[in-house]
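Heads up, run02.cif below (mmCIF, C-alpha atoms):
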data_work
loop_
_atom_site.label_atom_id
_atom_site.label_comp_id
_atom_site.auth_asym_id
_atom_site.auth_seq_id
_atom_site.Cartn_x
_atom_site.Cartn_y
_atom_site.Cartn_z
CA MET A 1 88.98 99.37 121.40
CA ALA A 2 90.67 102.53 122.64
CA ILE A 3 94.15 101.10 122.08
CA GLY A 4 93.14 99.81 118.66
CA ALA A 5 91.93 103.29 117.68
CA ASP A 6 95.13 104.90 118.91
CA TYR A 7 97.33 102.79 116.61
CA PRO A 8 96.27 104.50 113.36
CA ILE A 9 95.44 107.89 114.90
CA ALA A 10 98.79 108.48 116.58
CA THR A 11 100.89 107.09 113.73
CA SER A 12 99.10 108.96 110.95
CA LEU A 13 99.26 112.23 112.88
CA LEU A 14 103.00 111.80 113.37
CA ALA A 15 103.51 110.86 109.71
CA GLU A 16 101.83 114.08 108.61
CA TRP A 17 104.16 116.25 110.70
CA VAL A 18 107.66 114.77 110.50
CA PRO A 19 110.30 115.53 107.82
CA ASN A 20 110.50 113.16 104.85
CA LYS A 21 114.10 112.14 105.48
CA HIS A 22 113.37 111.07 109.06
CA ARG A 23 109.84 109.72 108.64
CA GLY A 24 110.73 106.01 108.54
CA ARG A 25 112.98 106.26 111.59
CA LEU A 26 110.55 108.31 113.67
CA LEU A 27 107.58 106.09 112.87
CA GLY A 28 109.76 103.08 113.65
CA ILE A 29 110.58 104.54 117.06
CA LEU A 30 106.89 104.21 117.94
CA ILE A 31 107.02 100.43 117.58
CA LEU A 32 110.38 100.40 119.38
CA ALA A 33 108.59 102.13 122.27
CA TRP A 34 106.02 99.32 122.17
CA TYR A 35 108.71 96.74 122.93
CA VAL A 36 110.27 98.93 125.62
CA GLY A 37 106.84 99.24 127.20
CA ALA A 38 106.31 95.49 126.96
CA ALA A 39 109.60 94.83 128.74
CA ALA A 40 108.76 97.41 131.41
CA ALA A 41 105.30 95.90 131.88
CA TYR A 42 106.75 92.47 132.61
CA VAL A 43 109.18 93.96 135.13
CA VAL A 44 106.38 95.89 136.82
CA GLY A 45 104.28 92.73 136.86
CA TYR A 46 107.14 90.82 138.47
CA VAL A 47 107.58 93.43 141.22
CA MET A 48 103.85 93.65 141.91
CA ALA A 49 103.50 89.88 142.06
CA GLU A 50 106.35 89.72 144.56
CA ILE A 51 104.77 92.41 146.74
CA ALA A 52 101.04 91.72 146.47
CA GLY A 53 101.00 88.01 145.67
CA ASN A 54 97.73 86.63 144.30
CA GLY A 55 96.00 89.99 144.47
CA SER A 56 98.59 91.66 142.25
CA TRP A 57 96.45 91.41 139.11
CA ARG A 58 94.22 94.23 140.40
CA TRP A 59 97.20 96.54 140.80
CA MET A 60 98.55 95.51 137.40
CA LEU A 61 95.29 96.50 135.68
CA ALA A 62 95.03 99.74 137.65
CA SER A 63 98.60 100.74 136.80
CA GLY A 64 97.59 101.21 133.17
CA ALA A 65 95.38 104.12 134.20
CA VAL A 66 98.42 106.01 135.49
CA LEU A 67 100.19 105.92 132.12
CA SER A 68 96.95 106.72 130.30
CA ALA A 69 96.45 109.82 132.44
CA LEU A 70 100.02 110.97 131.80
CA ILE A 71 99.66 110.54 128.03
CA LEU A 72 96.34 112.37 128.09
CA LEU A 73 97.98 115.36 129.79
CA MET A 74 100.89 115.29 127.31
CA ARG A 75 98.49 115.30 124.36
CA ILE A 76 96.61 118.40 125.46
CA GLY A 77 97.30 121.04 122.83
CA THR A 78 98.51 118.58 120.18
CA PRO A 79 98.14 120.40 116.83
CA GLU A 80 95.88 118.95 114.16
CA SER A 81 97.35 117.69 110.89
CA PRO A 82 97.75 120.66 108.48
CA LEU A 83 97.06 118.42 105.49
CA TRP A 84 93.80 117.24 107.01
CA LEU A 85 92.77 120.81 107.85
CA VAL A 86 93.46 122.04 104.31
CA ASN A 87 91.53 119.13 102.83
CA LYS A 88 88.59 120.20 104.98
CA GLY A 89 88.84 123.79 103.73
CA ARG A 90 90.29 125.10 107.01
CA THR A 91 93.42 126.73 105.60
CA ALA A 92 93.52 129.41 108.31
CA ASP A 93 93.56 126.71 111.02
CA ALA A 94 96.32 124.90 109.12
CA GLN A 95 98.41 128.07 109.11
CA LYS A 96 97.86 128.50 112.85
CA ALA A 97 98.84 124.88 113.54
CA ILE A 98 102.12 125.23 111.60
CA LYS A 99 102.87 128.56 113.25
CA LYS A 100 102.24 127.13 116.72
CA ALA A 101 104.20 123.93 116.22
CA LEU A 102 107.09 125.09 114.03
CA ASP A 103 106.97 128.89 114.28
CA ARG A 104 106.73 129.17 110.50
CA THR A 105 104.27 130.96 108.26
CA VAL A 106 103.14 129.14 105.12
CA PRO A 107 101.14 131.13 102.51
CA VAL A 108 97.62 129.95 101.72
CA GLU A 109 98.48 129.21 98.09
CA GLU A 110 101.24 126.83 99.16
CA LEU A 111 98.88 124.99 101.49
CA LEU A 112 96.37 124.60 98.68
CA ALA A 113 99.12 123.44 96.32
CA ALA A 114 100.18 120.76 98.80
CA SER A 115 96.59 119.56 99.14
CA ALA A 116 96.15 119.46 95.37
CA ALA A 117 99.44 117.59 94.95
CA GLU A 118 98.27 114.87 97.28
CA GLN A 119 94.98 114.45 95.40
CA SER A 120 93.25 113.19 98.51
CA VAL A 121 90.27 115.55 98.66
CA GLU A 122 88.03 113.41 96.49
CA ARG A 123 89.27 110.07 97.88
CA SER A 124 87.64 109.98 101.27
CA ARG A 125 85.55 106.83 101.08
CA PHE A 126 86.21 103.68 103.06
CA ARG A 127 85.58 101.46 100.04
CA ASP A 128 88.48 103.08 98.18
CA LEU A 129 90.77 100.89 100.30
CA PHE A 130 89.42 97.84 98.50
CA GLN A 131 89.63 99.05 94.91
CA GLY A 132 92.44 99.08 92.35
CA THR A 133 95.92 100.03 93.52
CA TYR A 134 94.70 100.81 97.02
CA LEU A 135 93.40 97.24 97.34
CA ARG A 136 96.86 95.89 96.54
CA ARG A 137 98.41 98.27 99.06
CA THR A 138 95.83 97.33 101.70
CA LEU A 139 96.54 93.64 101.19
CA PHE A 140 100.29 94.23 101.27
CA CYS A 141 100.21 96.22 104.52
CA GLY A 142 97.81 93.84 106.24
CA LEU A 143 99.40 90.59 105.07
CA PHE A 144 103.04 91.42 105.74
CA TYR A 145 102.01 92.76 109.15
CA MET A 146 100.10 89.54 109.87
CA CYS A 147 102.90 87.28 108.63
CA GLN A 148 105.37 89.17 110.78
CA ILE A 149 103.53 89.05 114.09
CA THR A 150 101.99 85.58 113.87
CA PRO A 151 105.29 83.76 114.53
CA MET A 152 106.46 86.65 116.72
CA PHE A 153 103.51 86.32 119.11
CA ALA A 154 104.02 82.58 119.08
CA LEU A 155 107.67 83.02 120.07
CA TYR A 156 106.63 85.43 122.79
CA THR A 157 104.68 82.52 124.23
CA PHE A 158 107.34 79.92 123.42
CA GLY A 159 110.21 82.09 124.67
CA PRO A 160 109.74 81.60 128.41
CA SER A 161 109.83 77.85 127.86
CA ILE A 162 113.27 78.20 126.29
CA LEU A 163 114.46 80.48 129.05
CA GLY A 164 113.16 77.93 131.55
CA SER A 165 116.32 76.00 130.83
CA PHE A 166 118.16 78.82 132.56
CA GLY A 167 115.77 78.99 135.52
CA LEU A 168 113.73 81.89 134.17
CA GLY A 169 110.63 80.13 132.93
CA GLU A 170 108.73 79.09 136.00
CA GLY A 171 106.36 80.96 138.28
CA ASN A 172 106.72 84.71 138.64
CA GLU A 173 110.21 84.61 137.16
CA SER A 174 108.66 83.94 133.76
CA ASN A 175 107.84 87.68 133.78
CA LEU A 176 111.56 88.43 133.83
CA GLY A 177 112.10 85.92 131.03
CA SER A 178 109.46 87.65 128.93
CA ALA A 179 111.10 91.00 129.66
CA LEU A 180 114.39 89.64 128.32
CA ILE A 181 112.60 88.49 125.16
CA SER A 182 111.27 92.00 124.64
CA VAL A 183 114.77 93.44 125.06
CA VAL A 184 116.11 91.20 122.28
CA PHE A 185 113.35 92.43 119.95
CA VAL A 186 114.26 96.01 120.91
CA LEU A 187 117.87 95.37 119.90
CA GLY A 188 116.69 94.10 116.52
CA CYS A 189 114.77 97.32 115.87
CA ILE A 190 117.72 99.66 116.46
CA PRO A 191 119.76 98.96 113.27
CA ALA A 192 116.56 98.74 111.23
CA LEU A 193 115.65 102.29 112.26
CA ARG A 194 118.72 103.58 110.44
CA LEU A 195 118.48 101.27 107.46
CA VAL A 196 114.92 102.18 106.44
CA ASP A 197 115.96 105.80 105.82
CA ARG A 198 119.46 105.10 104.51
CA VAL A 199 119.00 101.94 102.41
CA GLY A 200 115.26 102.07 101.78
CA ARG A 201 112.04 100.40 102.85
CA ARG A 202 111.85 97.73 100.15
CA PRO A 203 115.30 96.11 100.57
CA VAL A 204 114.95 96.15 104.35
CA ILE A 205 111.60 94.35 104.42
CA VAL A 206 112.44 91.88 101.63
CA TRP A 207 115.80 90.83 103.05
CA SER A 208 114.54 90.75 106.63
CA PHE A 209 111.73 88.33 105.81
CA ALA A 210 114.09 86.14 103.78
CA LEU A 211 116.59 85.90 106.63
CA MET A 212 113.89 85.41 109.29
CA VAL A 213 112.91 82.14 107.62
CA LEU A 214 116.31 80.57 108.33
CA PRO A 215 116.32 80.41 112.17
CA LEU A 216 112.71 79.20 112.20
CA ALA A 217 113.60 76.47 109.71
CA VAL A 218 116.49 75.36 111.91
CA LEU A 219 114.18 75.30 114.94
CA GLY A 220 112.17 72.79 112.94
CA GLY A 221 114.67 70.26 114.27
CA GLY A 222 112.65 70.32 117.48
CA ASN A 223 113.79 68.67 120.69
CA ALA A 224 116.82 67.10 119.01
CA LEU A 225 118.54 70.49 118.85
CA PRO A 226 121.06 71.50 121.53
CA ILE A 227 119.73 74.24 123.78
CA ALA A 228 122.52 76.57 122.62
CA VAL A 229 121.35 76.27 119.00
CA VAL A 230 117.76 76.91 120.06
CA VAL A 231 118.71 80.07 121.95
CA VAL A 232 120.90 81.34 119.09
CA CYS A 233 118.13 80.77 116.54
CA PHE A 234 115.57 82.42 118.76
CA CYS A 235 117.79 85.49 119.23
CA ALA A 236 118.61 85.58 115.51
CA TYR A 237 114.93 85.62 114.63
CA ALA A 238 114.24 88.39 117.14
CA LEU A 239 117.10 90.51 115.81
CA LEU A 240 116.24 89.98 112.14
CA SER A 241 112.57 90.78 112.70
CA GLY A 242 113.48 94.42 113.34
CA GLY A 243 113.04 95.32 109.66
CA PRO A 244 109.37 94.41 109.21
CA THR A 245 108.68 95.52 112.77
CA VAL A 246 109.71 99.15 112.24
CA LEU A 247 107.78 99.22 108.95
CA GLU A 248 104.49 98.02 110.45
CA TRP A 249 103.33 101.60 110.95
CA THR A 250 105.46 103.24 108.26
CA TYR A 251 104.06 101.63 105.12
CA PRO A 252 100.33 102.10 105.91
CA ASN A 253 100.93 105.80 106.56
CA GLU A 254 102.97 106.36 103.42
CA LEU A 255 100.93 104.46 100.83
CA PHE A 256 97.57 106.20 101.38
CA PRO A 257 96.47 109.86 101.17
CA THR A 258 95.45 111.94 104.17
CA ALA A 259 91.71 111.41 103.68
CA ILE A 260 92.00 107.64 104.26
CA ARG A 261 95.46 107.30 105.85
CA ALA A 262 94.31 106.56 109.40
CA THR A 263 91.56 104.27 108.10
CA ALA A 264 94.13 102.31 106.09
CA GLY A 265 96.35 101.98 109.14
CA GLY A 266 93.38 100.71 111.12
CA VAL A 267 92.50 98.10 108.49
CA ALA A 268 96.11 96.87 108.29
CA THR A 269 96.30 96.59 112.06
CA SER A 270 92.97 94.73 112.16
CA ILE A 271 94.23 92.19 109.63
CA SER A 272 97.39 91.72 111.67
CA ARG A 273 95.42 90.98 114.82
CA ILE A 274 94.11 87.83 113.14
CA GLY A 275 97.70 86.63 113.15
CA ALA A 276 98.21 87.84 116.70
CA ALA A 277 95.24 85.79 117.90
CA ALA A 278 96.34 82.74 115.92
CA GLY A 279 99.92 82.96 117.13
CA THR A 280 98.89 83.32 120.75
CA TYR A 281 96.02 80.87 121.11
CA LEU A 282 96.83 78.18 118.56
CA LEU A 283 100.45 77.72 119.64
CA PRO A 284 99.68 75.50 122.68
CA ILE A 285 97.41 73.32 120.53
CA SER A 286 100.08 73.03 117.84
CA LEU A 287 102.79 72.21 120.38
CA ASP A 288 100.62 69.53 121.93
CA ARG A 289 99.41 67.89 118.72
CA LEU A 290 102.18 68.58 116.21
CA GLY A 291 105.26 69.13 118.36
CA ILE A 292 107.81 71.89 118.59
CA GLY A 293 109.58 71.12 115.31
CA THR A 294 106.48 71.14 113.12
CA THR A 295 105.19 74.25 114.88
CA MET A 296 108.39 76.13 114.10
CA LEU A 297 108.25 74.96 110.47
CA ILE A 298 104.73 76.36 110.23
CA GLY A 299 106.14 79.65 111.52
CA ALA A 300 108.84 79.50 108.84
CA GLY A 301 106.15 78.94 106.19
CA ILE A 302 104.12 81.92 107.39
CA THR A 303 107.27 84.06 107.34
CA GLY A 304 107.95 82.84 103.81
CA VAL A 305 104.52 84.09 102.76
CA GLY A 306 105.49 87.46 104.21
CA TRP A 307 108.58 87.43 102.00
CA LEU A 308 106.51 86.63 98.90
CA VAL A 309 104.05 89.43 99.67
CA SER A 310 106.88 91.89 100.25
CA PHE A 311 108.85 90.83 97.18
CA ALA A 312 105.79 91.20 94.96
CA TRP A 313 104.19 94.34 96.40
CA ALA A 314 106.63 96.34 98.55
CA GLU A 315 107.16 99.85 97.14
CA GLU A 316 110.08 102.16 97.76
CA THR A 317 108.97 105.31 99.59
CA ARG A 318 112.22 106.56 101.11
CA GLY A 319 112.86 110.30 100.91
CA ARG A 320 109.58 111.13 99.14
CA THR A 321 106.74 113.34 100.29
CA LEU A 322 103.47 111.80 101.41
CA ALA A 323 101.87 113.27 98.28
CA GLU A 324 104.35 111.30 96.17
CA THR A 325 104.22 108.03 98.12
CA SER A 326 100.41 107.94 98.24
CA ALA A 327 99.83 108.94 94.61
CA LEU A 328 98.30 106.38 92.27
CA PRO A 329 100.49 105.20 89.36
CA GLY A 330 99.95 107.05 86.09
CA ILE A 331 98.37 110.14 87.68
CA THR A 332 100.13 113.45 87.29
CA ARG A 333 100.19 115.52 90.46
CA PRO A 334 99.65 119.26 90.30
CA ALA A 335 102.81 121.10 91.29
CA ALA A 336 103.23 124.24 93.35
CA ALA A 337 103.46 127.44 91.36
CA GLY A 338 107.15 127.82 90.63
CA GLY A 339 110.25 125.92 91.64
CA GLU A 340 111.27 128.39 94.33
CA ARG A 341 107.85 128.26 95.97
CA ARG A 342 107.79 124.46 95.75
CA ASP A 343 111.21 124.24 97.40
CA SER A 344 110.02 126.60 100.12
CA LEU A 345 107.02 124.40 100.74
CA ARG A 346 109.16 121.28 101.00
CA GLU A 347 111.14 122.94 103.79
CA SER A 348 108.06 124.15 105.62
CA GLY A 349 106.23 122.10 108.19
CA LEU A 350 103.55 121.11 105.68
CA GLY A 351 105.93 120.31 102.85
CA ARG A 352 108.09 118.22 105.13
CA SER A 353 105.10 116.17 106.10
#
Represent the supplied structure as structure tokens.
Amino acid sequence: MAIGADYPIATSLLAEWVPNKHRGRLLGILILAWYVGAAAAYVVGYVMAEIAGNGSWRWMLASGAVLSALILLMRIGTPESPLWLVNKGRTADAQKAIKKALDRTVPVEELLAASAAEQSVERSRFRDLFQGTYLRRTLFCGLFYMCQITPMFALYTFGPSILGSFGLGEGNESNLGSALISVVFVLGCIPALRLVDRVGRRPVIVWSFALMVLPLAVLGGGNALPIAVVVVCFCAYALLSGGPTVLEWTYPNELFPTAIRATAGGVATSISRIGAAAGTYLLPISLDRLGIGTTMLIGAGITGVGWLVSFAWAEETRGRTLAETSALPGITRPAAAGGERRDSLRESGLGRS
């Protein structure tokens, strides 16, 4: 529950502080860190299993407390979101937060103008996520997230079996195999981090899903495929999945206003966990009853649904302020008083967010 809460809290807080032009890349780095951590966890698990043997699971669980304590210490003094503070009528606290974090002073009227431009003060209800345009955005974020990680979690489970052909899939060494899988997914995220801010969110997610279908469809050949083809397809899928992966936490934070941004991220993540559970626990059943080929074709079909959802509903948010990306269509946003003041706000900590 604590980890689940941290997903939307940490990502929304970061989204409300970082500059517009780097927002996609910096939010994407968070998910890149997830894969790095996953790889490191498998390596740590391998070492502990070698040292402690059957009792290593206790040390593995306890080791998480060390990282949690370090993160807790690092987060002491983390400034609150200025947008959230202004929306709560705490403009003085917002000014202090910006001054502390960025050493800049933003006039009260500019803070109020930014809050008015976002139009999030009156939209603070949970049910807003399931009405009108926000419903479509909620479904988009949750469904593409789910369609992305359902096959991915399945391949995380299936991966060590492939690597077993190279002597890395049995016993404790399967931890090293899983670590290698995580590294391949990390490599896929790196080019996507640049593309989401240079090319745009929509083309990256649409083309990534379309291309991800291909290696899974080839894997539908099952046991008849040469091992080299299987490994190449597996790596191709992992590399191509970088696009949707780095947008998992970007889109939910850009398409909703401050008042419900973290809530929207939490709902999208919750929907995705349905796919995570299915991909993890149903894979062995599918492999046993349907076979490898059919299982991979099901994964290709799920990925195809992700492409359809993205093609129909993905919006372009690159280079725009959160007020602009979260605004509802057809609603005119109040502007700051004067072009010079508006430009100044855009370059301040609050405007950049």
Measuring atom to atom with only C-alpha atoms, identify which of A:Leu139, A:Ala323, A:Phe153, A:Glu80 is nearest to Pro257 in chain A.
A:Ala323
Would you mind telling me which residue in A:Ser270, A:Thr303, A:Ser286, A:Thr325 lies nearest to Met1 in chain A when using all atoms listed in the file?
A:Ser270
Separating CA of Arg25 in chain A from CA of Val246 in chain A, to the nearest tenth of an Å, is a gap of 7.9 Å
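Closest approach to Met48 in chain A among A:Ala62, A:Leu83, A:Ile227, A:Leu155: A:Ala62, based on all atoms listed in the file.
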Check what the PyMOL selection byres ((chain A and resi 211) around 12) selects in the file above and give those residues as an MDAnalysis selection string.
chainID A and resid 203:210 212:218 233 236:244 300 303:304 306:307
Closest of A:Phe144, A:Trp313, A:Tyr251, A:Phe234 to Pro8 in chain A - atom-to-atom distances counting all atoms listed in the file:
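Answer, going by the shortest atom-to-atom distance: A:Tyr251.
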Report the distance between CA of Ala38 in chain A and CA of Arg23 in chain A in Å, rounded to one decimal place.
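Going from CA of Ala38 in chain A over to CA of Arg23 in chain A, I get 23.5 Å.
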Have a look at CA of Arg104 in chain A and CA of Ala116 in chain A and let me know their distance in Å, one decimal.
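So the two atoms, CA of Arg104 in chain A and CA of Ala116 in chain A, lie 20.9 Å apart.
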I'd like to know which of A:Arg273, A:Arg194, A:Arg137, A:Arg75 is closest to Leu27 in chain A, using all atoms listed in the file.
A:Arg194
Padding of 6 Å on every side, edges along x, y and z, all listed atoms of range 239-255 of chain A included: what centre and edge lengths in Å, to one decimal, does that box have, as AutoDock Vina command-line options?
--center_x 108.7 --center_y 98.2 --center_z 108.3 --size_x 28.8 --size_y 28.4 --size_z 27.0
